[in-house]
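*Asks:* Got a structure for you, written out below as structure tokens; questions coming shortly.
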Amino acid sequence: MIDVEGLTRYYGEKRAISDVSFHVNKGEILGLLGPNAAGKTTTMRILTCYMPPTSGSATVGGYDIFEQSMDVRRITGYLPENPPLYTELTVDDYLLFVAQLKGIEKSRLKSEIDTVIEKAALGDVRHRIIGKLSKGYKQRVGLAQSLLNNPQIIILDEPTVGLDPKQIIEIRELIKNLRGDHTVILSSHILPEVEQTCERVVIINEGRVVAEDTPENLTNRLRGSERIIMQVEGSEETVKKTLQPIADIQNITVKPENNGLVRVEVESDKDVRKELANAVVKNGLGLLELTVDRFTLEDIFLHLTTKEEEVA
Amino acid sequence: MKAISAIFNKEFKLFFYSPIAYVILALFTALTGVFFYLYLSSFVEAAFMDMIRSQQYRMAPQKFNVNLMLIRPYFWNIALISLFTLPLITMRLFSEEKRLGTVELLYTSPITPTQIIVGKFLAGLAYYVVLLLPTMFFHAILFLYGDPEFMPVLSGYIGLILMGASFISMGLFISTLTENQIIAAIGGFAAALLLWVIGWGSSFAGPTLAPILNYVSIITHFEDFAQGVIDTQHIAYYILFSFTGIYLSLKSIESVKWRA
């Protein structure tokens, strides 16, 4: 649905993105992940025809962003980082204006607006002035605007930034509900958000794509060095002696904690949880806790972005 | 066309949603009202004095021409007040979009820069016509109690609207250059004033430069309209001026979009 090929964009001397390429399938939610100033907004602005790239090309819904810019804009809904709201208009007036901009026919105006108001749960505030609304409502008005005319492609730039936890959950639910009917690109620097809402993730750092995969695969990629963490009752030496003979353990560290407890960290490329538990119990030591420390997207993100820094 | 009317409606609505529009309207009406009162009372006084004199000396009273003595200088006055007021109308037309970030909405919607600019220009012009409505009411008083000629009044308004269109297109262009409304207002005001007074220089300039300065000056073209003469030369000047302003605005927003 969206094909991005070698996008590069300079702001004067400064390079914002360089050679960004990725692909989004129809009905998929893609997360653009990266620290601030990584080039997420620039990429999105190019895809929505707000500005052209310095080089590279992209097609959105089969339309070229240069040659068929009007078609791209017609089928795309866009929520910029700062929702583009006229603070003096009421929600209804504002949506009416955007609907007219998008060229919705007169006969469909009302039903279109009603639909997005319902989707974004704005029924209570539709007659209120936007400037007087809370940040969460403003964000939802921005989102409602991007949903007008039922666009095939929706591009959301940091849709949950500045919202409280409850509002964040609401917006995420809303975005999840778009799956299937719409193709969505969503940018964020918040990892759990991308992990929860997106089917695929593109990680951008310093203007370059450093990884592209599903959240699960990205997590698995670093799984080779999975850690098992245990809390065991017993002295440092006995615990070490008991556990060391187990096969497939690459590395083990034992640190004493309070109340005669020790914290054990085991690194292994096989699942040795059963063997560990058996060994502890057989030797009469108390097993209080055993967890697998999976690498979260956060670790991968940090891993990838710090690695990138070293290269540069 | 639909997109132009969408922009026009939004812009016109926004004028009246913000307090600025009412402040400007009140200010403009008060100023034009005061000047109308002053012109009218001095006219009435002159006519009255003449009546007394004619009775004293048993002569026929003079015929006082309302068009010449009142309406013509009053139009000049409205034009001058417009010069101060129009930058306040145009200042927000584009700067506001930049400040609010709504340019991102406009540029990513399926509309062309021409539609945006034309819609905004027309909205500014429509608001100017609203501003002129109270002065029409003042003129109506003259028709109620006197018998001025109608055509010079009509030509005066045509001149005002054409001149207003020129100022608005120029103000719109300046508004596309900055996201600060104050700068847009001051810039628009300075440019309008410069184009106004540039004609004064013609009295010092040489024989080649003088007619050029005179031609460029936005006010010399208004003179004939105030006198009741509709000359295509002046209409052409104002229309050309407006088109230039619209064209420059267009290039300005396109260049922002393409700037690397």
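Starting from 1 in every chain, residues are counted up; chains themselves are A, B, ... following the order of the structure tokens, and ligands are numbered from 1 as listed.
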Please identify all polymer residues within 7 Å of range 165-172 of chain B, counting only C-alpha atoms, omitting same-chain residues fewer than 5 positions from it, and present them as a PyMOL selection string.

*Replies:* chain B and resi 86-87+90-91+93-94+121+124-125+188+192+238+241-242+245-246+249

*Asks:* Save the residues we just selected, all heavy atoms, as a short mmCIF file (atom, residue, chain, number, x, y, z; two decimals), in the first residue's frame?

*Replies:*
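As a result, result-v3.cif now contains:
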data_model
loop_
_atom_site.label_atom_id
_atom_site.label_comp_id
_atom_site.auth_asym_id
_atom_site.auth_seq_id
_atom_site.Cartn_x
_atom_site.Cartn_y
_atom_site.Cartn_z
N LEU B 86 -6.72 48.17 7.01
CA LEU B 86 -6.62 46.92 6.24
C LEU B 86 -5.47 46.01 6.68
O LEU B 86 -5.64 44.79 6.69
CB LEU B 86 -6.55 47.22 4.74
CG LEU B 86 -7.91 47.63 4.17
CD1 LEU B 86 -7.79 48.09 2.74
CD2 LEU B 86 -8.89 46.48 4.26
N PRO B 87 -4.31 46.57 7.07
CA PRO B 87 -3.27 45.65 7.56
C PRO B 87 -3.72 44.84 8.77
O PRO B 87 -3.28 43.71 8.97
CB PRO B 87 -2.12 46.58 7.94
CG PRO B 87 -2.32 47.78 7.10
CD PRO B 87 -3.80 47.94 6.98
N THR B 90 -5.58 41.90 7.23
CA THR B 90 -4.78 40.93 6.48
C THR B 90 -3.72 40.26 7.35
O THR B 90 -3.23 39.20 6.99
CB THR B 90 -4.06 41.60 5.30
OG1 THR B 90 -3.29 42.70 5.79
CG2 THR B 90 -5.05 42.09 4.28
N MET B 91 -3.40 40.85 8.49
CA MET B 91 -2.27 40.32 9.26
C MET B 91 -2.44 38.85 9.65
O MET B 91 -1.49 38.10 9.67
CB MET B 91 -2.02 41.17 10.51
CG MET B 91 -3.12 41.11 11.54
SD MET B 91 -2.70 42.11 12.97
CE MET B 91 -4.08 41.77 14.04
N LEU B 93 -4.37 36.60 8.13
CA LEU B 93 -4.84 35.69 7.07
C LEU B 93 -3.94 34.47 6.90
O LEU B 93 -4.42 33.36 6.78
CB LEU B 93 -4.97 36.44 5.74
CG LEU B 93 -6.26 37.25 5.57
CD1 LEU B 93 -6.24 38.03 4.26
CD2 LEU B 93 -7.49 36.36 5.62
N PHE B 94 -2.63 34.69 6.88
CA PHE B 94 -1.77 33.53 6.74
C PHE B 94 -0.91 33.27 7.97
O PHE B 94 -0.62 32.12 8.28
CB PHE B 94 -0.90 33.64 5.48
CG PHE B 94 -0.81 32.35 4.76
CD1 PHE B 94 -1.73 32.05 3.78
CD2 PHE B 94 0.14 31.41 5.09
CE1 PHE B 94 -1.69 30.82 3.13
CE2 PHE B 94 0.18 30.19 4.45
CZ PHE B 94 -0.72 29.89 3.47
N PHE B 121 -8.06 35.73 0.04
CA PHE B 121 -8.15 37.08 -0.51
C PHE B 121 -9.61 37.54 -0.55
O PHE B 121 -9.94 38.65 -0.11
CB PHE B 121 -7.53 37.09 -1.92
CG PHE B 121 -7.78 38.34 -2.69
CD1 PHE B 121 -7.07 39.50 -2.40
CD2 PHE B 121 -8.73 38.37 -3.70
CE1 PHE B 121 -7.30 40.67 -3.10
CE2 PHE B 121 -8.97 39.54 -4.41
CZ PHE B 121 -8.26 40.69 -4.11
N GLY B 124 -10.98 38.36 2.87
CA GLY B 124 -10.50 39.67 3.32
C GLY B 124 -11.29 40.79 2.67
O GLY B 124 -11.71 41.75 3.33
N LEU B 125 -11.51 40.62 1.38
CA LEU B 125 -12.25 41.65 0.65
C LEU B 125 -13.69 41.74 1.15
O LEU B 125 -14.23 42.84 1.33
CB LEU B 125 -12.23 41.31 -0.85
CG LEU B 125 -12.59 42.44 -1.80
CD1 LEU B 125 -11.66 43.63 -1.60
CD2 LEU B 125 -12.53 41.97 -3.24
N GLY B 188 2.57 45.30 6.53
CA GLY B 188 1.49 45.68 5.63
C GLY B 188 1.22 47.18 5.68
O GLY B 188 1.04 47.84 4.65
N ALA B 192 1.87 49.82 2.64
CA ALA B 192 0.73 50.61 2.15
C ALA B 192 1.05 52.11 2.23
O ALA B 192 0.78 52.88 1.29
CB ALA B 192 -0.51 50.29 2.98
N TYR B 238 -5.44 48.90 -10.40
CA TYR B 238 -5.80 48.18 -9.17
C TYR B 238 -5.89 46.67 -9.39
O TYR B 238 -5.48 45.89 -8.55
CB TYR B 238 -7.11 48.72 -8.59
CG TYR B 238 -6.94 50.05 -7.88
CD1 TYR B 238 -7.79 51.12 -8.16
CD2 TYR B 238 -5.93 50.23 -6.95
CE1 TYR B 238 -7.65 52.33 -7.51
CE2 TYR B 238 -5.77 51.45 -6.31
CZ TYR B 238 -6.62 52.50 -6.59
OH TYR B 238 -6.46 53.68 -5.95
N PHE B 241 -2.46 45.33 -9.74
CA PHE B 241 -1.84 45.35 -8.41
C PHE B 241 -2.31 44.14 -7.60
O PHE B 241 -1.50 43.42 -7.01
CB PHE B 241 -2.22 46.65 -7.70
CG PHE B 241 -1.37 46.96 -6.51
CD1 PHE B 241 -0.48 48.03 -6.52
CD2 PHE B 241 -1.44 46.19 -5.35
CE1 PHE B 241 0.31 48.31 -5.43
CE2 PHE B 241 -0.65 46.46 -4.24
CZ PHE B 241 0.22 47.54 -4.29
N SER B 242 -3.62 43.91 -7.60
CA SER B 242 -4.17 42.79 -6.82
C SER B 242 -3.62 41.47 -7.33
O SER B 242 -3.26 40.58 -6.55
CB SER B 242 -5.69 42.77 -6.90
OG SER B 242 -6.20 44.01 -6.49
N GLY B 245 -0.15 40.95 -6.14
CA GLY B 245 -0.12 40.54 -4.73
C GLY B 245 -0.49 39.07 -4.57
O GLY B 245 0.16 38.33 -3.83
N ILE B 246 -1.54 38.64 -5.29
CA ILE B 246 -1.97 37.25 -5.19
C ILE B 246 -0.89 36.32 -5.73
O ILE B 246 -0.57 35.28 -5.15
CB ILE B 246 -3.31 37.06 -5.94
CG1 ILE B 246 -4.43 37.77 -5.18
CG2 ILE B 246 -3.62 35.58 -6.12
CD1 ILE B 246 -5.74 37.82 -5.90
N SER B 249 1.94 36.05 -3.25
CA SER B 249 1.55 35.20 -2.12
C SER B 249 1.68 33.74 -2.50
O SER B 249 2.18 32.91 -1.74
CB SER B 249 0.09 35.46 -1.72
OG SER B 249 -0.16 36.82 -1.62
#

*Asks:* Show which residues sit within 10 Å of Arg108 in chain A, as a PDB file with all heavy atoms, in the first residue's frame. Count only C-alpha atoms, and ignore same-chain residues fewer than 5 positions away.

*Replies:*
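Final file, result_5.pdb:
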ATOM      1  N   ALA A  99     -13.941  18.661   6.213  1.00  0.00           N
ATOM      2  CA  ALA A  99     -14.684  17.803   5.297  1.00  0.00           C
ATOM      3  C   ALA A  99     -14.829  18.474   3.929  1.00  0.00           C
ATOM      4  O   ALA A  99     -14.685  17.838   2.888  1.00  0.00           O
ATOM      5  CB  ALA A  99     -16.059  17.491   5.878  1.00  0.00           C
ATOM      6  N   ILE A 113     -19.387  13.549   9.109  1.00  0.00           N
ATOM      7  CA  ILE A 113     -18.982  14.189  10.362  1.00  0.00           C
ATOM      8  C   ILE A 113     -19.512  13.412  11.555  1.00  0.00           C
ATOM      9  O   ILE A 113     -18.800  13.168  12.524  1.00  0.00           O
ATOM     10  CB  ILE A 113     -19.458  15.662  10.372  1.00  0.00           C
ATOM     11  CG1 ILE A 113     -18.683  16.452   9.321  1.00  0.00           C
ATOM     12  CG2 ILE A 113     -19.264  16.281  11.752  1.00  0.00           C
ATOM     13  CD1 ILE A 113     -19.216  17.848   9.070  1.00  0.00           C
ATOM     14  N   ASN A 149     -13.769  11.320   5.591  1.00  0.00           N
ATOM     15  CA  ASN A 149     -13.787  10.798   4.230  1.00  0.00           C
ATOM     16  C   ASN A 149     -13.226   9.377   4.183  1.00  0.00           C
ATOM     17  O   ASN A 149     -12.818   8.905   3.120  1.00  0.00           O
ATOM     18  CB  ASN A 149     -12.986  11.700   3.273  1.00  0.00           C
ATOM     19  CG  ASN A 149     -13.516  11.593   1.859  1.00  0.00           C
ATOM     20  OD1 ASN A 149     -14.608  11.074   1.634  1.00  0.00           O
ATOM     21  ND2 ASN A 149     -12.765  12.075   0.905  1.00  0.00           N
TER      22      ASN A 149
END

*Asks:* Return the neighbours of chain B among the residues of chain A, cut-off 8 Å, counting only C-alpha atoms, as a list of chain:residue names.

*Replies:*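 Every residue of chain A that passes the 8 Å test is in A:Arg9, A:Tyr10, A:Tyr11, A:Gly12, A:Thr48, A:Cys49, A:Tyr50, A:Met51, A:Pro52, A:Thr54, A:Met70, A:Asp71, A:Arg73, A:Arg74, A:Tyr78, A:Pro80, A:Asn82, A:Pro83, A:Pro84, A:Leu85, A:Tyr86, A:Glu88, A:Leu89, A:Phe97, A:Gln100, A:Leu101, A:Lys102, A:Gly103.
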
*Asks:* Create the file for the chosen residues now, containing C-alpha atoms and written as an mmCIF file, in the first residue's frame.

*Replies:*
data_model
loop_
_atom_site.group_PDB
_atom_site.id
_atom_site.type_symbol
_atom_site.label_atom_id
_atom_site.label_comp_id
_atom_site.auth_asym_id
_atom_site.auth_seq_id
_atom_site.Cartn_x
_atom_site.Cartn_y
_atom_site.Cartn_z
ATOM 1 C CA ARG A 9 15.843 14.974 2.878
ATOM 2 C CA TYR A 10 18.165 17.834 3.692
ATOM 3 C CA TYR A 11 17.249 20.983 5.621
ATOM 4 C CA GLY A 12 19.929 23.265 4.299
ATOM 5 C CA THR A 48 1.623 13.263 3.111
ATOM 6 C CA CYS A 49 3.004 15.596 0.412
ATOM 7 C CA TYR A 50 3.584 18.393 2.899
ATOM 8 C CA MET A 51 7.066 18.708 1.504
ATOM 9 C CA PRO A 52 9.097 16.899 -1.114
ATOM 10 C CA THR A 54 15.563 15.874 -1.632
ATOM 11 C CA MET A 70 -3.528 15.360 -5.294
ATOM 12 C CA ASP A 71 -4.567 11.697 -5.379
ATOM 13 C CA ARG A 73 -3.722 13.686 -0.447
ATOM 14 C CA ARG A 74 -7.253 12.608 -1.317
ATOM 15 C CA TYR A 78 -2.970 12.932 8.436
ATOM 16 C CA PRO A 80 0.471 16.082 12.481
ATOM 17 C CA ASN A 82 0.586 19.358 16.751
ATOM 18 C CA PRO A 83 -3.038 18.801 15.816
ATOM 19 C CA PRO A 84 -3.890 21.442 13.211
ATOM 20 C CA LEU A 85 -6.860 23.008 14.975
ATOM 21 C CA TYR A 86 -8.528 26.381 14.587
ATOM 22 C CA GLU A 88 -11.756 29.659 17.688
ATOM 23 C CA LEU A 89 -14.039 27.272 15.823
ATOM 24 C CA PHE A 97 -14.369 22.857 7.174
ATOM 25 C CA GLN A 100 -15.163 20.510 2.683
ATOM 26 C CA LEU A 101 -11.419 20.739 2.145
ATOM 27 C CA LYS A 102 -11.365 17.029 1.500
ATOM 28 C CA GLY A 103 -14.013 17.541 -1.131
#

*Asks:* Within 7 Å of range 36-53 of chain B, counting only C-alpha atoms, which residues qualify if same-chain residues fewer than 4 places away don't, as a list of chain:residue names?

*Replies:* B:Thr32, B:Tyr57, B:Pro61, B:Phe64, B:Leu70, B:Tyr74

*Asks:* For CA of Arg140 in chain A and CA of Pro159 in chain A, determine how far apart the two atoms are, in Å to one decimal place.

*Replies:*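 It comes out at 8.8 Å.
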
*Asks:* Interatomic distance between CA of Ser21 in chain A and CA of Ala38 in chain A?

*Replies:*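 Between these atoms lies a distance of 14.5 Å.
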
*Asks:* Kindly indicate which residue among A:Gln145, A:Ser55, A:Ser69, A:Ser187 lies nearest to Ala37 in chain A, using only C-alpha atoms for the distances.

*Replies:*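 Counting only C-alpha atoms, the residue closest to Ala37 in chain A is A:Ser187.
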